[in-house]
Amino acid sequence: MTNAFDYQGKHVFISGGTSGINLGIAHAFSRAGAKVSVMSRSQEKVDAAVASLAARGGKASGHSADVRDYAAVEGALKAAVANHGKIDVLVSGAAGNFVAPALGMSANGFKAVIDIDLMGTFHVLRAAFAHLNKPGAAIINISAPQSYNAMEFQMHVCAAKAGVDMCTRVAAIEWGPAGVRVNSVVPGPIENTEGMKRLAPTPETEQIVLDSVPLGCMGTVDDIANCCLWLASPMARYVTGTVIPVDGGWSLGGTSISASGMKKALMAPPKK
Ligand code: COA
Ligand code: NAP
């Protein structure tokens, strides 16, 4: 029997693939044999990510581009395809976040996150479609629980990620006939990531999050990467247009973050 999770010869392109969860996804596909392209703004982060993939025997290349800049995204995709051939798996994971109440963010602050998360996802999907290895290509958008759970201090992210999941569903309908599957993966709270550091910056806020996860622990970047390995594989050939939480049950809402004292903890003056 062939190994469905063998990605030898496949090209995986990951926007925002230079740190955290997305870099974990890059490493997982690389370990499974794929050629991996990562793209983000910082050339330094791009170089470090490529070096870390190469150090483990991976075939990787990197591109510096801002997902808010359509022409730059197009350029990065063209360069990646010139290096590694048509794209078999596209992961759109670039995102930005900060914690602020709606009245505490400027219009430009709200727009910054909409531009990175939502416009960035549209740019990456729109520009990549021409380069996908159709039929059989898979697209994975990295979403967030804010997409369906209203969360205080997260109006910008809630709006952006809800839009991302709608892009997933619409693209699944429009691109299904071309043999392209499109799905969202929704990480829950993932340990040792920038996202969690921003959302739960203190041990107290981290505990509040932990208490709200039915499985009682944070996830790891490998938990998210494993779902992506399955979702992009032939094992998931009939799965498209879905939004899949990988979150220890967090999204079930049994224990609401809002009602749990997060607001008080986040807004409290730092302890001396
Ligand atoms: N509270 C309120 N507003 C904030 C803020 C905060 N904590 N942090 C940034 N902003 C506002 C800025 O004041 C600015 O608005 P202004 O021009 O009206 O003053 C606006 O957001 C854009 O900030 P800027 O720093 O110019 O944007 P950027 O494009 O350089 O960075 C961010 C985008 C703000 C999202 C930045 O945090 C980032 O680059 N994040 C990437 C990493 C990350 O967030 N990882 C977690 C992923 S879940
Ligand atoms: P991270 O390490 O900060 O990853 C964000 C990545 O996006 C970085 O590689 C960053 O690199 C890149 N990026 C940011 N803005 C960009 C832009 N304008 N153009 C191009 N690249 C850009 O954060 P993370 O916590 O691992 O989050 C990764 C993904 O998981 C995000 O989509 C996030 O919403 C989602 N998520 C995370 C959690 C969590 O617990 N951490 C939970 C739910 C969802 P540069 O700085 O070099 O651009």
# chains A, B, ... in the order shown; residues from 1 in each chain; ligands from 1

call {"tool": "residues_near_ligand", "arguments": {"ligand": "ligand 1", "cutoff": "7 Å", "atoms": "only C-alpha atoms and all ligand atoms", "output": "list in words"}}
result
Ala95, Gly96, Asn97, Phe98, Val99, Ala100, Gly104, Met105, Ser106, Ala107, Asn108, Gly109, Phe110, Ala112, Val113, Glu194, Gly195 and Arg198 of chain A

call {"tool": "residues_around", "arguments": {"residues": "Val12 in chain A", "least_positions_apart": "6", "cutoff": "7 Å", "atoms": "only C-alpha atoms", "output": "list in words"}}
result
Ala34, Lys35, Val36, Ser37, Ile87, Asp88, Val89 and Leu90 of chain A

call {"tool": "residues_around", "arguments": {"residues": "Pro187 in chain A", "least_positions_apart": "2", "cutoff": "9 Å", "atoms": "only C-alpha atoms", "output": "PyMOL selection string"}}
result
chain A and resi 21+142-145+185+189-190+219+221+223-224+244-247

call {"tool": "residues_near_ligand", "arguments": {"ligand": "ligand 2", "cutoff": "8 Å", "atoms": "only C-alpha atoms and all ligand atoms", "output": "short mmCIF file (atom, residue, chain, number, x, y, z; two decimals) with all heavy atoms, in the first residue's frame"}}
result
data_model
loop_
_atom_site.label_atom_id
_atom_site.label_comp_id
_atom_site.auth_asym_id
_atom_site.auth_seq_id
_atom_site.Cartn_x
_atom_site.Cartn_y
_atom_site.Cartn_z
N SER A 15 2.43 30.90 2.95
CA SER A 15 2.57 32.33 3.27
C SER A 15 2.58 32.48 4.79
O SER A 15 1.80 31.85 5.49
CB SER A 15 1.43 33.14 2.64
OG SER A 15 0.25 32.98 3.38
N GLY A 16 3.51 33.30 5.28
CA GLY A 16 3.69 33.40 6.72
C GLY A 16 4.37 32.17 7.29
O GLY A 16 4.24 31.87 8.48
N GLY A 17 5.13 31.47 6.44
CA GLY A 17 5.72 30.19 6.87
C GLY A 17 7.04 30.29 7.59
O GLY A 17 7.78 29.31 7.66
N THR A 18 7.34 31.47 8.14
CA THR A 18 8.69 31.64 8.71
C THR A 18 8.74 31.59 10.23
O THR A 18 9.81 31.73 10.82
CB THR A 18 9.30 32.98 8.24
OG1 THR A 18 8.46 34.05 8.71
CG2 THR A 18 9.40 33.02 6.72
N SER A 19 7.59 31.45 10.89
CA SER A 19 7.64 31.27 12.35
C SER A 19 6.39 30.57 12.85
O SER A 19 5.42 30.39 12.11
CB SER A 19 7.83 32.63 13.08
OG SER A 19 6.72 33.47 12.83
N GLY A 20 6.46 30.15 14.11
CA GLY A 20 5.29 29.61 14.81
C GLY A 20 4.63 28.43 14.12
O GLY A 20 5.27 27.50 13.63
N ILE A 21 3.31 28.49 14.10
CA ILE A 21 2.50 27.39 13.57
C ILE A 21 2.84 27.11 12.11
O ILE A 21 3.00 25.96 11.69
CB ILE A 21 1.00 27.74 13.71
CG1 ILE A 21 0.60 27.76 15.19
CG2 ILE A 21 0.14 26.76 12.93
CD1 ILE A 21 -0.80 28.29 15.45
N ASN A 22 2.95 28.18 11.31
CA ASN A 22 3.18 27.99 9.87
C ASN A 22 4.55 27.38 9.59
O ASN A 22 4.71 26.58 8.67
CB ASN A 22 3.03 29.31 9.12
CG ASN A 22 1.67 29.94 9.34
OD1 ASN A 22 0.67 29.24 9.35
ND2 ASN A 22 1.64 31.24 9.52
N LEU A 23 5.55 27.77 10.39
CA LEU A 23 6.87 27.14 10.22
C LEU A 23 6.81 25.67 10.63
O LEU A 23 7.44 24.81 10.00
CB LEU A 23 7.93 27.90 11.05
CG LEU A 23 9.35 27.33 10.97
CD1 LEU A 23 9.89 27.31 9.54
CD2 LEU A 23 10.31 28.15 11.87
N MET A 39 7.14 32.26 2.70
CA MET A 39 7.12 33.68 2.34
C MET A 39 6.66 34.51 3.54
O MET A 39 5.66 34.18 4.18
CB MET A 39 6.12 33.88 1.19
CG MET A 39 6.06 35.30 0.67
SD MET A 39 4.61 35.51 -0.39
CE MET A 39 3.38 36.00 0.81
N SER A 40 7.42 35.54 3.88
CA SER A 40 6.93 36.53 4.85
C SER A 40 7.70 37.83 4.63
O SER A 40 8.53 37.92 3.74
CB SER A 40 7.06 36.00 6.29
OG SER A 40 8.37 36.16 6.80
N ARG A 41 7.40 38.84 5.49
CA ARG A 41 7.99 40.16 5.24
C ARG A 41 9.48 40.21 5.52
O ARG A 41 10.26 40.73 4.72
CB ARG A 41 7.32 41.21 6.16
CG ARG A 41 5.89 41.51 5.84
CD ARG A 41 5.25 42.29 6.97
NE ARG A 41 5.31 41.55 8.23
CZ ARG A 41 4.87 41.99 9.40
NH1 ARG A 41 4.34 43.19 9.49
NH2 ARG A 41 4.93 41.26 10.48
N SER A 42 9.88 39.68 6.66
CA SER A 42 11.26 39.87 7.12
C SER A 42 12.24 38.93 6.41
O SER A 42 12.13 37.70 6.54
CB SER A 42 11.29 39.63 8.64
OG SER A 42 12.56 39.20 9.04
N GLN A 43 13.19 39.52 5.69
CA GLN A 43 14.19 38.70 4.99
C GLN A 43 14.96 37.85 6.00
O GLN A 43 15.30 36.69 5.74
CB GLN A 43 15.14 39.60 4.19
CG GLN A 43 16.13 38.84 3.32
CD GLN A 43 15.45 38.08 2.16
OE1 GLN A 43 14.71 38.68 1.38
NE2 GLN A 43 15.68 36.78 2.06
N GLU A 44 15.21 38.45 7.17
CA GLU A 44 15.94 37.73 8.22
C GLU A 44 15.19 36.47 8.64
O GLU A 44 15.77 35.37 8.76
CB GLU A 44 16.07 38.66 9.43
CG GLU A 44 17.31 38.48 10.25
CD GLU A 44 17.37 39.57 11.32
OE1 GLU A 44 17.39 40.77 10.98
OE2 GLU A 44 17.31 39.19 12.49
N LYS A 45 13.87 36.60 8.86
CA LYS A 45 13.06 35.43 9.25
C LYS A 45 12.98 34.41 8.12
O LYS A 45 13.01 33.20 8.35
CB LYS A 45 11.64 35.87 9.66
CG LYS A 45 11.59 36.46 11.07
CD LYS A 45 10.21 36.95 11.44
CE LYS A 45 9.23 35.82 11.70
NZ LYS A 45 7.93 36.31 12.23
N VAL A 46 12.89 34.92 6.88
CA VAL A 46 12.86 34.02 5.72
C VAL A 46 14.15 33.20 5.68
O VAL A 46 14.11 31.95 5.54
CB VAL A 46 12.68 34.83 4.41
CG1 VAL A 46 12.95 33.96 3.19
CG2 VAL A 46 11.29 35.44 4.33
N SER A 64 10.81 37.06 0.40
CA SER A 64 10.35 38.14 1.24
C SER A 64 9.26 38.92 0.50
O SER A 64 9.51 39.44 -0.59
CB SER A 64 11.54 39.05 1.59
OG SER A 64 11.04 40.26 2.09
N ALA A 65 8.07 38.96 1.08
CA ALA A 65 6.97 39.73 0.48
C ALA A 65 5.93 40.01 1.55
O ALA A 65 5.77 39.23 2.50
CB ALA A 65 6.33 38.95 -0.67
N ASP A 66 5.23 41.12 1.39
CA ASP A 66 4.13 41.48 2.28
C ASP A 66 2.83 41.04 1.61
O ASP A 66 2.58 41.43 0.46
CB ASP A 66 4.15 43.00 2.50
CG ASP A 66 3.23 43.44 3.64
OD1 ASP A 66 2.11 42.90 3.74
OD2 ASP A 66 3.64 44.30 4.44
N VAL A 67 2.02 40.26 2.32
CA VAL A 67 0.78 39.76 1.69
C VAL A 67 -0.19 40.89 1.32
O VAL A 67 -1.13 40.68 0.57
CB VAL A 67 0.03 38.72 2.57
CG1 VAL A 67 0.77 37.40 2.63
CG2 VAL A 67 -0.28 39.26 3.95
N ARG A 68 0.05 42.08 1.87
CA ARG A 68 -0.82 43.22 1.53
C ARG A 68 -0.51 43.78 0.14
O ARG A 68 -1.28 44.58 -0.38
CB ARG A 68 -0.67 44.32 2.59
CG ARG A 68 -1.24 43.91 3.93
CD ARG A 68 -0.90 44.88 5.04
NE ARG A 68 0.48 44.73 5.49
CZ ARG A 68 0.96 45.24 6.62
NH1 ARG A 68 0.18 45.95 7.39
NH2 ARG A 68 2.22 45.04 6.97
N SER A 92 -2.19 29.32 3.37
CA SER A 92 -2.23 30.77 3.60
C SER A 92 -2.33 31.00 5.10
O SER A 92 -3.38 30.78 5.71
CB SER A 92 -3.45 31.37 2.88
OG SER A 92 -3.58 32.73 3.26
N GLY A 93 -1.21 31.42 5.69
CA GLY A 93 -1.18 31.51 7.16
C GLY A 93 -0.71 32.84 7.72
O GLY A 93 -0.71 33.04 8.93
N ALA A 94 -0.32 33.78 6.85
CA ALA A 94 0.17 35.07 7.36
C ALA A 94 -0.94 35.79 8.11
O ALA A 94 -2.08 35.83 7.64
CB ALA A 94 0.68 35.93 6.21
N ALA A 95 -0.62 36.32 9.27
CA ALA A 95 -1.64 37.02 10.04
C ALA A 95 -0.99 37.97 11.03
O ALA A 95 0.19 37.86 11.35
CB ALA A 95 -2.51 36.01 10.80
N GLY A 96 -1.79 38.92 11.49
CA GLY A 96 -1.33 39.84 12.53
C GLY A 96 -2.42 39.99 13.57
O GLY A 96 -3.60 39.84 13.28
N ASN A 97 -2.00 40.27 14.80
CA ASN A 97 -2.98 40.45 15.88
C ASN A 97 -2.40 41.34 16.96
O ASN A 97 -1.19 41.40 17.15
CB ASN A 97 -3.34 39.08 16.48
CG ASN A 97 -4.56 39.16 17.40
OD1 ASN A 97 -5.20 40.21 17.52
ND2 ASN A 97 -4.88 38.06 18.06
N ASP A 115 -6.28 43.94 6.37
CA ASP A 115 -5.41 43.90 5.18
C ASP A 115 -4.49 42.67 5.19
O ASP A 115 -4.27 42.06 4.16
CB ASP A 115 -4.56 45.18 5.09
CG ASP A 115 -5.36 46.35 4.54
OD1 ASP A 115 -6.50 46.14 4.08
OD2 ASP A 115 -4.84 47.48 4.57
N ILE A 116 -3.94 42.35 6.37
CA ILE A 116 -3.02 41.20 6.43
C ILE A 116 -3.80 39.89 6.33
O ILE A 116 -3.52 39.04 5.48
CB ILE A 116 -2.19 41.22 7.73
CG1 ILE A 116 -1.34 42.50 7.83
CG2 ILE A 116 -1.28 39.98 7.80
CD1 ILE A 116 -0.68 42.72 9.18
N ASP A 117 -4.78 39.72 7.21
CA ASP A 117 -5.46 38.41 7.32
C ASP A 117 -6.41 38.16 6.14
O ASP A 117 -6.37 37.09 5.52
CB ASP A 117 -6.27 38.32 8.63
CG ASP A 117 -5.39 38.36 9.87
OD1 ASP A 117 -4.27 38.90 9.82
OD2 ASP A 117 -5.84 37.86 10.92
N GLY A 120 -4.88 39.69 2.57
CA GLY A 120 -3.70 38.86 2.32
C GLY A 120 -4.09 37.46 1.84
O GLY A 120 -3.49 36.91 0.90
N ASN A 141 -6.40 27.36 4.39
CA ASN A 141 -6.33 28.68 5.04
C ASN A 141 -6.22 28.47 6.54
O ASN A 141 -7.03 27.72 7.12
CB ASN A 141 -7.57 29.50 4.71
CG ASN A 141 -7.59 29.95 3.26
OD1 ASN A 141 -6.55 30.23 2.68
ND2 ASN A 141 -8.77 30.00 2.67
N ILE A 142 -5.27 29.14 7.17
CA ILE A 142 -5.16 29.04 8.63
C ILE A 142 -6.06 30.12 9.23
O ILE A 142 -5.80 31.32 9.08
CB ILE A 142 -3.69 29.21 9.10
CG1 ILE A 142 -2.77 28.20 8.39
CG2 ILE A 142 -3.62 29.04 10.62
CD1 ILE A 142 -3.13 26.72 8.60
N SER A 143 -7.11 29.68 9.88
CA SER A 143 -8.09 30.59 10.44
C SER A 143 -7.86 30.74 11.95
O SER A 143 -6.74 30.53 12.43
CB SER A 143 -9.49 30.06 10.12
OG SER A 143 -10.47 30.94 10.60
N ALA A 144 -8.88 31.07 12.68
CA ALA A 144 -8.77 31.21 14.15
C ALA A 144 -10.18 31.08 14.74
O ALA A 144 -11.17 31.34 14.05
CB ALA A 144 -8.16 32.56 14.51
N PRO A 145 -10.26 30.71 16.03
CA PRO A 145 -11.59 30.59 16.66
C PRO A 145 -12.36 31.90 16.63
O PRO A 145 -13.59 31.89 16.71
CB PRO A 145 -11.25 30.19 18.11
CG PRO A 145 -9.87 29.63 18.06
CD PRO A 145 -9.16 30.35 16.95
N GLN A 146 -11.64 33.04 16.50
CA GLN A 146 -12.32 34.34 16.42
C GLN A 146 -13.25 34.39 15.21
O GLN A 146 -14.11 35.27 15.12
CB GLN A 146 -11.27 35.47 16.30
CG GLN A 146 -10.50 35.77 17.57
CD GLN A 146 -9.22 34.96 17.67
OE1 GLN A 146 -9.15 33.82 17.23
NE2 GLN A 146 -8.20 35.55 18.26
N LYS A 161 -11.01 36.98 10.23
CA LYS A 161 -10.97 35.51 10.10
C LYS A 161 -12.34 34.95 9.67
O LYS A 161 -12.40 33.93 8.98
CB LYS A 161 -10.49 34.86 11.39
CG LYS A 161 -9.01 35.15 11.74
CD LYS A 161 -8.02 34.46 10.79
CE LYS A 161 -6.60 34.51 11.35
NZ LYS A 161 -5.60 33.84 10.50
N VAL A 186 -8.48 25.56 11.89
CA VAL A 186 -8.62 26.55 12.97
C VAL A 186 -7.84 26.10 14.20
O VAL A 186 -8.30 25.23 14.96
CB VAL A 186 -10.11 26.71 13.36
CG1 VAL A 186 -10.26 27.80 14.43
CG2 VAL A 186 -10.96 27.02 12.15
N PRO A 187 -6.65 26.66 14.40
CA PRO A 187 -5.91 26.27 15.61
C PRO A 187 -6.60 26.82 16.85
O PRO A 187 -7.12 27.93 16.84
CB PRO A 187 -4.54 26.95 15.43
CG PRO A 187 -4.48 27.41 14.01
CD PRO A 187 -5.90 27.63 13.58
N GLY A 188 -6.60 26.04 17.91
CA GLY A 188 -7.00 26.57 19.21
C GLY A 188 -5.78 27.24 19.82
O GLY A 188 -4.87 27.67 19.10
N PRO A 189 -5.73 27.34 21.15
CA PRO A 189 -4.55 27.94 21.77
C PRO A 189 -3.33 27.02 21.62
O PRO A 189 -3.37 25.88 22.08
CB PRO A 189 -4.95 28.09 23.25
CG PRO A 189 -6.17 27.28 23.44
CD PRO A 189 -6.77 26.99 22.12
N ILE A 190 -2.30 27.52 20.96
CA ILE A 190 -1.13 26.70 20.65
C ILE A 190 0.07 27.22 21.44
O ILE A 190 0.40 28.42 21.35
CB ILE A 190 -0.83 26.73 19.13
CG1 ILE A 190 -2.07 26.28 18.32
CG2 ILE A 190 0.38 25.86 18.80
CD1 ILE A 190 -2.60 24.89 18.64
N GLU A 191 0.70 26.32 22.18
CA GLU A 191 1.77 26.73 23.09
C GLU A 191 2.98 27.28 22.33
O GLU A 191 3.24 26.92 21.19
CB GLU A 191 2.21 25.52 23.96
CG GLU A 191 2.85 24.40 23.15
CD GLU A 191 3.15 23.16 23.99
OE1 GLU A 191 2.61 23.03 25.09
OE2 GLU A 191 3.94 22.34 23.50
N ASN A 192 3.69 28.17 23.02
CA ASN A 192 4.94 28.74 22.51
C ASN A 192 4.80 29.41 21.15
O ASN A 192 5.64 29.23 20.27
CB ASN A 192 6.04 27.66 22.42
CG ASN A 192 6.29 27.00 23.75
OD1 ASN A 192 6.25 27.68 24.79
ND2 ASN A 192 6.51 25.70 23.76
N THR A 193 3.72 30.16 20.97
CA THR A 193 3.54 30.87 19.71
C THR A 193 3.32 32.36 19.97
O THR A 193 2.86 32.75 21.04
CB THR A 193 2.32 30.34 18.92
OG1 THR A 193 1.16 30.46 19.74
CG2 THR A 193 2.51 28.89 18.48
N GLU A 194 3.62 33.15 18.97
CA GLU A 194 3.43 34.60 19.06
C GLU A 194 1.96 34.93 19.32
O GLU A 194 1.63 35.80 20.12
CB GLU A 194 3.92 35.24 17.75
CG GLU A 194 3.91 36.75 17.73
CD GLU A 194 4.77 37.37 18.82
OE1 GLU A 194 5.81 36.79 19.18
OE2 GLU A 194 4.39 38.45 19.33
N GLY A 195 1.09 34.20 18.63
CA GLY A 195 -0.35 34.45 18.80
C GLY A 195 -0.78 34.30 20.25
O GLY A 195 -1.50 35.16 20.79
N MET A 196 -0.34 33.23 20.90
CA MET A 196 -0.72 33.02 22.30
C MET A 196 -0.07 34.03 23.22
O MET A 196 -0.67 34.46 24.20
CB MET A 196 -0.36 31.59 22.74
CG MET A 196 -1.46 30.58 22.52
SD MET A 196 -3.11 31.18 22.97
CE MET A 196 -2.99 31.25 24.74
N LYS A 197 1.18 34.41 22.88
CA LYS A 197 1.86 35.42 23.72
C LYS A 197 1.07 36.72 23.72
O LYS A 197 0.99 37.42 24.72
CB LYS A 197 3.27 35.67 23.19
CG LYS A 197 4.31 34.74 23.78
CD LYS A 197 5.70 35.05 23.25
CE LYS A 197 6.41 33.76 22.92
NZ LYS A 197 7.37 33.87 21.82
N GLY A 219 -2.50 23.16 22.59
CA GLY A 219 -2.05 22.33 21.47
C GLY A 219 -0.61 22.66 21.12
O GLY A 219 -0.02 23.61 21.65
N VAL A 221 2.35 22.98 17.73
CA VAL A 221 2.35 23.25 16.28
C VAL A 221 2.20 21.96 15.49
O VAL A 221 1.60 21.94 14.42
CB VAL A 221 3.63 24.02 15.84
CG1 VAL A 221 3.67 25.41 16.43
CG2 VAL A 221 4.89 23.27 16.18
#

call {"tool": "select_by_dssp", "arguments": {"residues": "range 181-233 of chain A", "states": "alpha helix (DSSP H)", "output": "count of residues only"}}
result
26

call {"tool": "closest_residue", "arguments": {"among": "A:Ala102, A:Leu53, A:Ile114, A:Ala80", "to": "Ala162 in chain A", "atoms": "only C-alpha atoms"}}
result
A:Ile114

call {"tool": "select_by_dssp", "arguments": {"residues": "range 107-217 of chain A", "states": "strand (DSSP E or B)", "output": "PyMOL selection string"}}
result
chain A and resi 132+138-142+181-187+190

call {"tool": "closest_residue", "arguments": {"among": "A:Ser233, A:Lys134, A:Ala71, A:Pro201", "to": "Gln8 in chain A", "atoms": "only C-alpha atoms"}}
result
A:Ser233

call {"tool": "closest_residue", "arguments": {"among": "A:Val180, A:Ala130, A:Ala172, A:Val157", "to": "Leu199 in chain A", "atoms": "only C-alpha atoms"}}
result
A:Val157

call {"tool": "atom_distance", "arguments": {"atom1": "CA of Phe122 in chain A", "atom2": "CA of Gly9 in chain A"}}
result
26.7 Å

call {"tool": "residues_around", "arguments": {"residues": "Asn226 in chain A", "least_positions_apart": "4", "cutoff": "9 Å", "atoms": "only C-alpha atoms", "output": "VMD selection string"}}
result
chain A and resid 25 28 221 to 222 230 to 231

call {"tool": "atom_distance", "arguments": {"atom1": "CA of His11 in chain A", "atom2": "CA of Ser147 in chain A"}}
result
28.5 Å
